[in-house]
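K.L.:
Pasting a structure below so you can have a look.
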Protein chains: 2
Amino acid sequence: MQSIAAMTTIYDIAKALSITPSTVSRALSDHPHISARTKARVKAKAAQLGYRPNGIAAALRRGKTFIIGVMVPTTDRSFFSSVIRGIEGVASKAGFNVLITQSNDSTAVEAANIDTLLKTQVDGIIASIAKETTDFEHFRKINAQNRPLVLFDRVKENLGASTVVIDDYLGGYYATEHLIQQGYQRIAHLSGAQHINIYKYRHRGYQEALSTHGIPYDPSLVLESNHLEIQDGRAGMEQLLQLHPLPDAIFAASDFAAVGAMQLAKEKGLRIPQDLGIVGFANEPFTDLVEPRMSTVEQHSAQMGELAAETLLANIQKQEPDLVPKKLVLTPSLITRASSVRPNFNIDRI
Amino acid sequence: MQSIAAMTTIYDIAKALSITPSTVSRALSDHPHISARTKARVKAKAAQLGYRPNGIAAALRRGKTFIIGVMVPTTDRSFFSSVIRGIEGVASKAGFNVLITQSNDSTAVEAANIDTLLKTQVDGIIASIAKETTDFEHFRKINAQNRPLVLFDRVKENLGASTVVIDDYLGGYYATEHLIQQGYQRIAHLSGAQHINIYKYRHRGYQEALSTHGIPYDPSLVLESNHLEIQDGRAGMEQLLQLHPLPDAIFAASDFAAVGAMQLAKEKGLRIPQDLGIVGFANEPFTDLVEPRMSTVEQHSAQMGELAAETLLANIQKQEPDLVPKKLVLTPSLITRASSVRPNFNIDRI
DNA sequence: TTATTTCATGCAATCGATTGCAAAACAAAA
DNA sequence: TTTTGTTTTGCAATCGATTGCATGAAATAA
């Protein structure tokens, strides 16, 4: 079956004006060797015929699609959608489109997505690695296809990819130190799987802050969960409530876990921040809406996306991946809100 | 400059096996006329050479990219990212990719995005219209290019596009009726620009519920703002607090406005839900995290995305847009939480 | 053995735009 | 008028995969 309305191509324009497709092509792209008169005629005819360029044909010829592939664990998490927003902004300003895929934190889906993106001939890929992933072979294919790769947030070294992360160590350090300075002494930590760098580093920052301030590290105060969702935060809090003495503060490596812990603590009659100080991580929008407002660590997600896109575009322009991959590290900012600020606490009293 | 590693194509495989590219192509796609032996040899050689199909070339030849374009006002709103998630799920199951663009609620960007998507030869487009848009000519180009278009949520009739929406009227009705049944009498409404259908219908539902229950419609209780963001909710509440008598409940056409109103009301010492009942709209995740938990209207966003994608894919398969565009209407669900449920209210007392 | 099917592969055009090189058209200089 | 130089346009190959049709090979029937 034929498609109803045949698309008009440069051949149609050429025929209508009794010139060649090459001239039409050049006229449309304002090639300097084409006379002003011809350009005007071509453009007028193109408009008249409702011509729209076939980007696919151009992509095939040029070997460039002007599409960059993005893979995130999920789009419906504020952090990732903000990063995407940042990527999209930079990309579209540079004339690039963004093809989004989601891994749902599954390694199998992740590998399939990479295949798809490569098949689509994206000019480069920006990705954040699925939680589940421990074998990274599928990422190697990207470089094997000579396509640049930039990883952000959940990254992995030695894949020949540039990376953009925040300093998670510092984030953990800031959060913990802040709690210490507010006079909290028994600070628990809700962490994630330690094979994932971001959680490992946040954990280290936590440890280091304790150590710097002379507080002993107590492993029973550190709970690890796979997903750090609200549920995990509640479960973690439940567990922490078994301890004697109780912890007097929590630094959670995720806002979701933090808010879960906060919910349960409140249900059990603990007052935040008087009895329990809480700091989360990521500055998800809801942290500013819960009660009390929750302290957290801002990751500068949109900026992270922008940097990732800029790095990738630079690689694309150079026609090849960076020989020495770049490592970009953003500095997180601690956002202190009511959940961790003791109203009448005087630091001098310590 | 040459690219470093030339991609391997079906020609390379053909040469290596002394057969023709056509055979290779057919072997790779499991064409029935190719012998099992040849298929095996081809596939083995393909794997050995690290062959990856060039989707662009195939797309050009077939006139089909297996990419569907999606345009949303913004990705970093839970509602839209959930819809995208729904779209992505259905699409990828059907072997389609999803190209995302954001209009940032600007008509100019919207038009530019449509140009880009068409140039990329997407097989169809799913979109939600920018708030700012009142002239829809740019959407007509899509049908002119013989590409199907499906609109969701913020839709417009007479564009030859199928639409997927929830019954906003019903959503408004449910929310308002619920407040009435909880004994609230002076119910205010925070609405958006009335040229946008969703706000117009939510408003009508509100009116109709009042009327059904014999409550007179008081225009001074209905405030309109452009964006219905948190700020607008606060401003609206401020204004409502000037009234005598005060309203005793608010139905906001957006969760953001609702939470803004709730914040300000609490700051002014009003108790929720005793002094003021509140219902929002969209079931944004934070509504379940604020205090008190906020009642709202669930829009079934992921399902909306799935339906939109299924409708579009059906159109794509048929090679042409629906002659008679479909209108799919989902039924919203009211989610009642603490913000609108009076603890000891007995409906018999009315 | 020859004729007839069936099966497997090859040929060559095609999708639509881009681009190096050749050539024509025109202008300016000799 | 011829030569040299500039502009402007055309020719034809190319990007990589797909596919209708033709052809060759193998298998079966006569």
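Here's how to read the names in the structure tokens: chain A, B, ... by the order shown, residue numbers from 1 in each chain, ligand numbers from 1 in the order shown.
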Within range 17-191 of chain A, find each residue whose DSSP state, derived from the backbone, is helix (DSSP H, G or I), and express the selection as JSON, numbers by chain.
P.N.:
{"A": [17, 21, 22, 23, 24, 25, 26, 27, 28, 36, 37, 38, 39, 40, 41, 42, 43, 44, 45, 46, 47, 48, 49, 55, 56, 57, 58, 59, 60, 61, 62, 78, 79, 80, 81, 82, 83, 84, 85, 86, 87, 88, 89, 90, 91, 92, 93, 107, 108, 109, 110, 111, 112, 113, 114, 115, 116, 117, 118, 119, 137, 138, 139, 140, 141, 142, 143, 144, 168, 169, 170, 171, 172, 173, 174, 175, 176, 177, 178, 179, 180, 181]}
K.L.:
Pick out the chain D residues within 9 Å of chain A. Count only C-alpha atoms (C1' of nucleotides). Give them as JSON, numbers by chain.
P.N.:
{"D": [7, 8, 9, 10, 14, 15, 16]}
K.L.:
Generate a file of the selected residues that holds N, CA and C atoms (P, O5', C5', C4', C3', O3' and C1' of nucleotides), formatted as a PDB file, in the first residue's frame.
P.N.:
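selection13.pdb written:
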```pdb
ATOM      1  P    DT D   7      33.930  35.775  -7.169  1.00  0.00           P
ATOM      2  O5'  DT D   7      32.437  35.366  -7.536  1.00  0.00           O
ATOM      3  C5'  DT D   7      32.268  34.510  -8.633  1.00  0.00           C
ATOM      4  C4'  DT D   7      30.853  34.600  -9.158  1.00  0.00           C
ATOM      5  C3'  DT D   7      29.825  33.971  -8.232  1.00  0.00           C
ATOM      6  O3'  DT D   7      28.541  34.499  -8.542  1.00  0.00           O
ATOM      7  C1'  DT D   7      30.233  32.549 -10.096  1.00  0.00           C
ATOM      8  P    DT D   8      27.304  34.027  -7.645  1.00  0.00           P
ATOM      9  O5'  DT D   8      26.815  32.749  -8.448  1.00  0.00           O
ATOM     10  C5'  DT D   8      26.321  32.901  -9.780  1.00  0.00           C
ATOM     11  C4'  DT D   8      26.016  31.555 -10.371  1.00  0.00           C
ATOM     12  C3'  DT D   8      25.099  30.661  -9.525  1.00  0.00           C
ATOM     13  O3'  DT D   8      23.924  30.412 -10.274  1.00  0.00           O
ATOM     14  C1'  DT D   8      26.930  29.445 -10.394  1.00  0.00           C
ATOM     15  P    DT D   9      22.751  29.548  -9.687  1.00  0.00           P
ATOM     16  O5'  DT D   9      23.103  28.113 -10.271  1.00  0.00           O
ATOM     17  C5'  DT D   9      22.983  27.892 -11.680  1.00  0.00           C
ATOM     18  C4'  DT D   9      23.522  26.537 -12.033  1.00  0.00           C
ATOM     19  C3'  DT D   9      22.745  25.351 -11.458  1.00  0.00           C
ATOM     20  O3'  DT D   9      22.114  24.680 -12.536  1.00  0.00           O
ATOM     21  C1'  DT D   9      25.102  25.021 -11.379  1.00  0.00           C
ATOM     22  P    DG D  10      21.275  23.356 -12.315  1.00  0.00           P
ATOM     23  O5'  DG D  10      22.324  22.236 -12.749  1.00  0.00           O
ATOM     24  C5'  DG D  10      22.915  22.334 -14.041  1.00  0.00           C
ATOM     25  C4'  DG D  10      23.815  21.140 -14.301  1.00  0.00           C
ATOM     26  C3'  DG D  10      23.173  19.789 -14.004  1.00  0.00           C
ATOM     27  O3'  DG D  10      23.573  18.887 -15.030  1.00  0.00           O
ATOM     28  C1'  DG D  10      25.142  20.029 -12.706  1.00  0.00           C
ATOM     29  P    DT D  14      31.142   5.611  -4.931  1.00  0.00           P
ATOM     30  O5'  DT D  14      30.375   6.126  -3.639  1.00  0.00           O
ATOM     31  C5'  DT D  14      30.798   7.332  -2.992  1.00  0.00           C
ATOM     32  C4'  DT D  14      29.860   7.635  -1.859  1.00  0.00           C
ATOM     33  C3'  DT D  14      29.359   6.390  -1.100  1.00  0.00           C
ATOM     34  O3'  DT D  14      29.915   6.418   0.195  1.00  0.00           O
ATOM     35  C1'  DT D  14      27.602   7.944  -1.530  1.00  0.00           C
ATOM     36  P    DC D  15      30.057   5.046   1.006  1.00  0.00           P
ATOM     37  O5'  DC D  15      29.026   5.277   2.195  1.00  0.00           O
ATOM     38  C5'  DC D  15      29.076   6.442   2.999  1.00  0.00           C
ATOM     39  C4'  DC D  15      27.764   6.596   3.708  1.00  0.00           C
ATOM     40  C3'  DC D  15      27.144   5.259   4.105  1.00  0.00           C
ATOM     41  O3'  DC D  15      27.496   4.982   5.460  1.00  0.00           O
ATOM     42  C1'  DC D  15      25.524   6.767   3.155  1.00  0.00           C
ATOM     43  P    DG D  16      28.118   3.510   5.767  1.00  0.00           P
ATOM     44  O5'  DG D  16      26.833   2.579   5.775  1.00  0.00           O
ATOM     45  C5'  DG D  16      25.906   2.720   6.839  1.00  0.00           C
ATOM     46  C4'  DG D  16      24.685   1.893   6.539  1.00  0.00           C
ATOM     47  C3'  DG D  16      24.956   0.407   6.329  1.00  0.00           C
ATOM     48  O3'  DG D  16      24.149  -0.284   7.257  1.00  0.00           O
ATOM     49  C1'  DG D  16      23.543   1.256   4.612  1.00  0.00           C
TER      50       DG D  16
END
```
K.L.:
Which residues of chain C are close to chain A, meaning at most 7 Å apart when you count only C-alpha atoms (C1' of nucleotides), and how do they look as a list in words?
P.N.:
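The complete set of qualifying residues is DG16, DA17 and DT18 of chain C.
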K.L.:
Can you measure CA of Arg342 in chain B to CA of Gln182 in chain B for me? One decimal in Å is fine.
P.N.:
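Distance between the two atoms: 6.5 Å.
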K.L.:
Would you list which chain B residues are within 7 Å of chain A using only C-alpha atoms, as a VMD selection string?
P.N.:
chain B and resid 3 5 52 to 57 60 75 to 76 78 81 to 82 85 98 to 100 119 to 121 146 286 289 to 291 319
K.L.:
I want to know what sits within 12 Å of DC21 in chain C, based on only C-alpha atoms (C1' of nucleotides), with residues of the same chain fewer than 3 positions away left out; could you give that as a PDB file with C-alpha atoms (C1' of nucleotides), in the first residue's frame?
P.N.:
```pdb
ATOM      1  C1'  DG D  10      25.142  20.029 -12.706  1.00  0.00           C
ATOM      2  C1'  DC D  11      26.893  15.177 -12.501  1.00  0.00           C
ATOM      3  C1'  DA D  12      27.261  11.239 -10.114  1.00  0.00           C
ATOM      4  C1'  DA D  13      28.752   8.723  -6.202  1.00  0.00           C
TER       5       DA D  13
END
```
K.L.:
Between CA of His138 in chain A and CA of Thr163 in chain A, what is the distance in Å, rounded to a tenth?
P.N.:
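These two atoms are separated by 17.0 Å.
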K.L.:
Could I get the residues of chain D with an atom no further than 9 Å from an atom of range 6-9 of chain C, each paired with its nearest atom pair and that distance in Å to one decimal, using only C-alpha atoms (C1' of nucleotides), sorted by chain and residue number, as CSV?
P.N.:
```
residue,atom,partner,partner_atom,distance
D:DT23,C1',C:DT9,C1',8.6
D:DG24,C1',C:DT9,C1',7.9
D:DA25,C1',C:DA8,C1',7.8
D:DA26,C1',C:DC7,C1',7.6
D:DA27,C1',C:DT6,C1',7.4
D:DT28,C1',C:DT6,C1',8.7
```
K.L.:
List the spatial neighbours of DG20 in chain D as a ChimeraX atom specification - criterion: any atom at most 12 Å away, only C-alpha atoms (C1' of nucleotides), same-chain residues fewer than 3 positions off excluded.
P.N.:
/C:11-14
K.L.:
If we count only C-alpha atoms (C1' of nucleotides) and set the cut-off at 8 Å, which residues sit around Leu313 in chain B, ignoring sequence neighbours fewer than 4 positions away in its own chain? Please answer as a ChimeraX atom specification.
P.N.:
/B:91,309,317
K.L.:
From a DSSP calculation on the backbone, collect every residue of range 162-201 of chain B in strand (DSSP E or B) and output the set as an MDAnalysis selection string.
P.N.:
chainID B and resid 162:166 187:191
K.L.:
How would the residues just picked look written out with N, CA and C atoms as an mmCIF file, in the first residue's frame?
P.N.:
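Written file, selection38.cif:
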```cif
data_model
loop_
_atom_site.group_PDB
_atom_site.id
_atom_site.type_symbol
_atom_site.label_atom_id
_atom_site.label_comp_id
_atom_site.auth_asym_id
_atom_site.auth_seq_id
_atom_site.Cartn_x
_atom_site.Cartn_y
_atom_site.Cartn_z
ATOM 1 N N SER B 162 -6.572 12.192 17.890
ATOM 2 C CA SER B 162 -7.239 11.486 18.966
ATOM 3 C C SER B 162 -6.797 12.103 20.286
ATOM 4 N N THR B 163 -7.633 11.974 21.282
ATOM 5 C CA THR B 163 -7.303 12.603 22.553
ATOM 6 C C THR B 163 -7.500 11.616 23.701
ATOM 7 N N VAL B 164 -6.680 11.777 24.704
ATOM 8 C CA VAL B 164 -6.831 10.999 25.926
ATOM 9 C C VAL B 164 -6.849 11.975 27.089
ATOM 10 N N VAL B 165 -7.917 11.975 27.808
ATOM 11 C CA VAL B 165 -8.031 12.881 28.950
ATOM 12 C C VAL B 165 -8.705 12.135 30.091
ATOM 13 N N ILE B 166 -8.667 12.727 31.262
ATOM 14 C CA ILE B 166 -9.572 12.225 32.272
ATOM 15 C C ILE B 166 -10.800 13.114 32.232
ATOM 16 N N ILE B 187 -17.360 26.770 49.942
ATOM 17 C CA ILE B 187 -16.237 26.095 49.296
ATOM 18 C C ILE B 187 -15.647 26.971 48.201
ATOM 19 N N ALA B 188 -14.401 27.327 48.371
ATOM 20 C CA ALA B 188 -13.725 28.157 47.365
ATOM 21 C C ALA B 188 -13.100 27.257 46.303
ATOM 22 N N HIS B 189 -12.785 27.869 45.173
ATOM 23 C CA HIS B 189 -12.157 27.105 44.093
ATOM 24 C C HIS B 189 -10.987 27.890 43.512
ATOM 25 N N LEU B 190 -9.819 27.262 43.495
ATOM 26 C CA LEU B 190 -8.656 27.861 42.847
ATOM 27 C C LEU B 190 -8.545 27.251 41.462
ATOM 28 N N SER B 191 -8.701 28.080 40.474
ATOM 29 C CA SER B 191 -8.747 27.569 39.110
ATOM 30 C C SER B 191 -7.640 28.171 38.246
#
```
